[in-house]
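Enquirer: To start, I am sharing the structure in question, which I have written as structure tokens.
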Amino acid sequence: MCQTCGCTITAGNAHLPEAETSVAVLKDLLAANDQAAMHNRAHFDEHGVLAINLMSSPGAGKTTLLEATIRALRERYRIAVIEGDLETVNDAARIRAQGVPAVQITTGTACHLDAHLVHRALHDLPLAGLDLLFIENVGNLVCPASFDLGQHLNVVLLCATEGDDKPAKYPVMFRAADLVVLSKADLLPVLEDFDPQRAAAALRALGRDTPIIRTAARRATSLDAWLAWLEEQLSAPRVIAPLRPLQAGLTAGV
Amino acid sequence: MHELSVCQALIDEVTKIATSREARAVGRITLEVGPLSGVEPELLARAFEVARAGTCAARAELSIAVPAIMVHCSDCGADSRAQPNRLLCASCGGFRTCVIEGDELRLRAVELDVPEEHAVAVH
């Protein structure tokens with residue numbers, strides 16, 4: 001085989017007439033990531049860990065929500081966090097300050113986490129001793145939606161300051177959500193343009209009955225619905241929902 | 001999105017197929033890129049021109065099919081066409097739908113130049 005381009009023209013066969021062969025393939029191009037994601041999910045299930053992928057645009061309040069969540073739940077559940085950012089270890093430090101393990105992935109320029117990065121991070125976590133793992137994805141409403149990490153659930157934050165048409169503008173991301181958290185909801189009284197009904201309608205138009213829960217993470221009393229949803233997921237039988245369901249007749253990585 | 005890394009995965013897969021069939025070169029590569037796949041066909045085509053250099057697909061032509069979005073309605077059972085941000089059932093207006101076409105990112109077929117004795121029609 002030619003080392004340069006991988007073709008198989010040699011002095012021995014160059015004279016042979018060519019024929020065209022059409023090969024039907026039907027191979028998913030993200031199969032390698034899907035395979036790694038399945039592997040991660042197997043790790044989580046082996047240890048009974050609920051893994052949640054937290055996504056949003058930058059500044060919507062993911063880390064603040066996690067800090068408040070950990071404070072509320074750490075006495076009853078063993079929690080850890082994988083943090084994803086392009087640069088800095090700030091977010092992992094904030095999580096560790098709440099008394100739980102955190103692993104920081106700095107992606108450099110990659111604008112999303114993928115299953116291979118998460119797999120490496122899993123080596124630094126005591127999975128056998130965990131109930132709940134949050135993966136805080138890179139702040140980005142576009143790319144993370146396409147990369148299964150092996151999580152069981154996707155939570156997408158929609159910040160009250162972002163506008164109520166985000167689900168219509170970013171359908172791939174919001175369609176992937178198992179829950180939408182309307183964050184910084186305490187600002188709604190001063191954000192006249194944000195109509196929660198419009199946001200709910202835009203979300204419903206994506207073909208899923210995705211619930212919306214409001215949070216105001218800086219006020220502990222406004223986390224009740226979010227915490228109740230989490231506890232419900234923790235005690236429910238684990239439903240595995242890959243980010244991109246395998247198409248009929250295809251398997252990942254074959 | 002990540003059109004260049006998708007192209008890398010594509011070239012890897014095409015190279016594997018070409019090698020297994022002892023192909024001399026790759027002709028046409030057919031992809032299906034759905035509107036909900038998160039990948040832009042035009043950007044993918046441009047990235048492909050970069051990614052194919054020096055590989056067995058160096059002179060391959062890329063053909064991208066963009067399937068229409070189709071949803072299946074769990075309420076009335078109908079299959080209907082939909083828009084990326086309006087995935088409601090066209091028949092009953094219901095929102096309890098699932099996408100049956102339109103979010104794929106897949107390599108559908110590869111045309112190879114093979115020495116005649118290796119030619120096999122596979123469909």
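Convention: chains lettered A, B, ... in structure tokens order; per-chain residue numbering from 1; ligands numbered from 1 as shown.
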Compile the contact shell of A:Val142 as a list in words: residues with an atom at most 8 Å away, counting only C-alpha atoms, same-chain residues fewer than 2 positions apart removed.
Expert: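 Final neighbour list, sorted by chain and number: Asn140, Pro144, Ala145, Tyr170, Val172 and Met173 of chain A; Met1 and Gly38 of chain B.
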Enquirer: Would you pick out the contacts of B:Ala25 at 7 Å or less, using only C-alpha atoms, so that residues sharing its chain but fewer than 4 positions from it are not included, and give the list as a count of residues only?
Expert: 5
Enquirer: Can you pull out every residue within 10 Å of B:Asp75, counting only C-alpha atoms, but drop anything in the same chain fewer than 4 positions away, and send it as a list in words?
Expert: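 Counting only C-alpha atoms, the residues come to Cys89, Cys92, Gly93, Gly94, Phe95, Arg96 and Thr97 of chain B.
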Enquirer: Residues near stretch 71-77 of chain A, anyone? I mean within 12 Å using only C-alpha atoms, not counting same-chain ones fewer than 2 positions away, as a count of residues only.
Expert: 38
Enquirer: Write out as JSON lines a residue-level contact list of chain B versus chain A with cut-off 7 Å: for each qualifying residue the closest pair of atoms and the distance in Å to one decimal, counting only C-alpha atoms, rows sorted by chain and residue number upward.
Expert:
{"residue": "B:Met1", "atom": "CA", "partner": "A:Cys143", "partner_atom": "CA", "distance": 5.9}
{"residue": "B:Val6", "atom": "CA", "partner": "A:Leu29", "partner_atom": "CA", "distance": 6.5}
{"residue": "B:Ala9", "atom": "CA", "partner": "A:Leu29", "partner_atom": "CA", "distance": 6.2}
{"residue": "B:Leu10", "atom": "CA", "partner": "A:Leu29", "partner_atom": "CA", "distance": 6.3}
{"residue": "B:Glu22", "atom": "CA", "partner": "A:Thr8", "partner_atom": "CA", "distance": 5.9}
{"residue": "B:Ala23", "atom": "CA", "partner": "A:Thr8", "partner_atom": "CA", "distance": 6.2}
{"residue": "B:Arg24", "atom": "CA", "partner": "A:Cys7", "partner_atom": "CA", "distance": 4.7}
{"residue": "B:Ala25", "atom": "CA", "partner": "A:Cys7", "partner_atom": "CA", "distance": 6.0}
{"residue": "B:Leu36", "atom": "CA", "partner": "A:Val172", "partner_atom": "CA", "distance": 6.0}
{"residue": "B:Gly38", "atom": "CA", "partner": "A:Ser146", "partner_atom": "CA", "distance": 6.4}
{"residue": "B:Gly54", "atom": "CA", "partner": "A:Cys5", "partner_atom": "CA", "distance": 5.4}
{"residue": "B:Thr55", "atom": "CA", "partner": "A:Cys5", "partner_atom": "CA", "distance": 4.1}
{"residue": "B:Cys56", "atom": "CA", "partner": "A:Cys5", "partner_atom": "CA", "distance": 4.7}
{"residue": "B:Pro84", "atom": "CA", "partner": "A:Pro171", "partner_atom": "CA", "distance": 6.3}
{"residue": "B:Asn85", "atom": "CA", "partner": "A:Ala168", "partner_atom": "CA", "distance": 5.3}
{"residue": "B:Arg86", "atom": "CA", "partner": "A:Ala205", "partner_atom": "CA", "distance": 4.9}
{"residue": "B:Leu87", "atom": "CA", "partner": "A:Leu206", "partner_atom": "CA", "distance": 4.9}
{"residue": "B:Leu88", "atom": "CA", "partner": "A:Gly207", "partner_atom": "CA", "distance": 5.6}
{"residue": "B:Phe95", "atom": "CA", "partner": "A:Gly207", "partner_atom": "CA", "distance": 4.5}
{"residue": "B:Arg96", "atom": "CA", "partner": "A:Gly207", "partner_atom": "CA", "distance": 5.4}
{"residue": "B:Thr97", "atom": "CA", "partner": "A:Gly207", "partner_atom": "CA", "distance": 5.0}
{"residue": "B:Cys98", "atom": "CA", "partner": "A:Gly207", "partner_atom": "CA", "distance": 6.7}
{"residue": "B:Leu105", "atom": "CA", "partner": "A:Asp28", "partner_atom": "CA", "distance": 5.9}
{"residue": "B:Arg106", "atom": "CA", "partner": "A:Asp28", "partner_atom": "CA", "distance": 4.3}
{"residue": "B:Leu107", "atom": "CA", "partner": "A:Lys27", "partner_atom": "CA", "distance": 5.1}
{"residue": "B:Arg108", "atom": "CA", "partner": "A:Leu26", "partner_atom": "CA", "distance": 4.4}
{"residue": "B:Ala109", "atom": "CA", "partner": "A:Ala24", "partner_atom": "CA", "distance": 4.3}
{"residue": "B:Val110", "atom": "CA", "partner": "A:Val23", "partner_atom": "CA", "distance": 5.2}
{"residue": "B:Glu111", "atom": "CA", "partner": "A:Ser22", "partner_atom": "CA", "distance": 4.2}
{"residue": "B:Leu112", "atom": "CA", "partner": "A:Thr21", "partner_atom": "CA", "distance": 5.1}
{"residue": "B:Asp113", "atom": "CA", "partner": "A:Glu20", "partner_atom": "CA", "distance": 4.8}
{"residue": "B:Val114", "atom": "CA", "partner": "A:Ala19", "partner_atom": "CA", "distance": 5.5}
{"residue": "B:Pro115", "atom": "CA", "partner": "A:Glu18", "partner_atom": "CA", "distance": 5.1}
{"residue": "B:Glu116", "atom": "CA", "partner": "A:Ala19", "partner_atom": "CA", "distance": 5.2}
{"residue": "B:Ala119", "atom": "CA", "partner": "A:Thr21", "partner_atom": "CA", "distance": 6.0}
{"residue": "B:Val120", "atom": "CA", "partner": "A:Thr21", "partner_atom": "CA", "distance": 6.4}
{"residue": "B:Ala121", "atom": "CA", "partner": "A:Thr21", "partner_atom": "CA", "distance": 6.0}
{"residue": "B:Val122", "atom": "CA", "partner": "A:Val23", "partner_atom": "CA", "distance": 5.6}
{"residue": "B:His123", "atom": "CA", "partner": "A:Ala24", "partner_atom": "CA", "distance": 5.5}
Enquirer: Please provide the set of residues having any atom within 8 Å of A:Asp85, restricted to only C-alpha atoms, with same-chain residues fewer than 4 positions apart removed, written as a list in words.
Expert: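 Near A:Asp85, the qualifying residues are Val89, Gln104, Ile105, Thr106, Thr107, Gly108, Asn137, Val138 and Gly139 of chain A.
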Enquirer: Please give the complete set of residues from stretch 105-177 of chain A that DSSP, run on the backbone, assigns to strand (DSSP E or B), formatted as a count of residues only.
Expert: 14
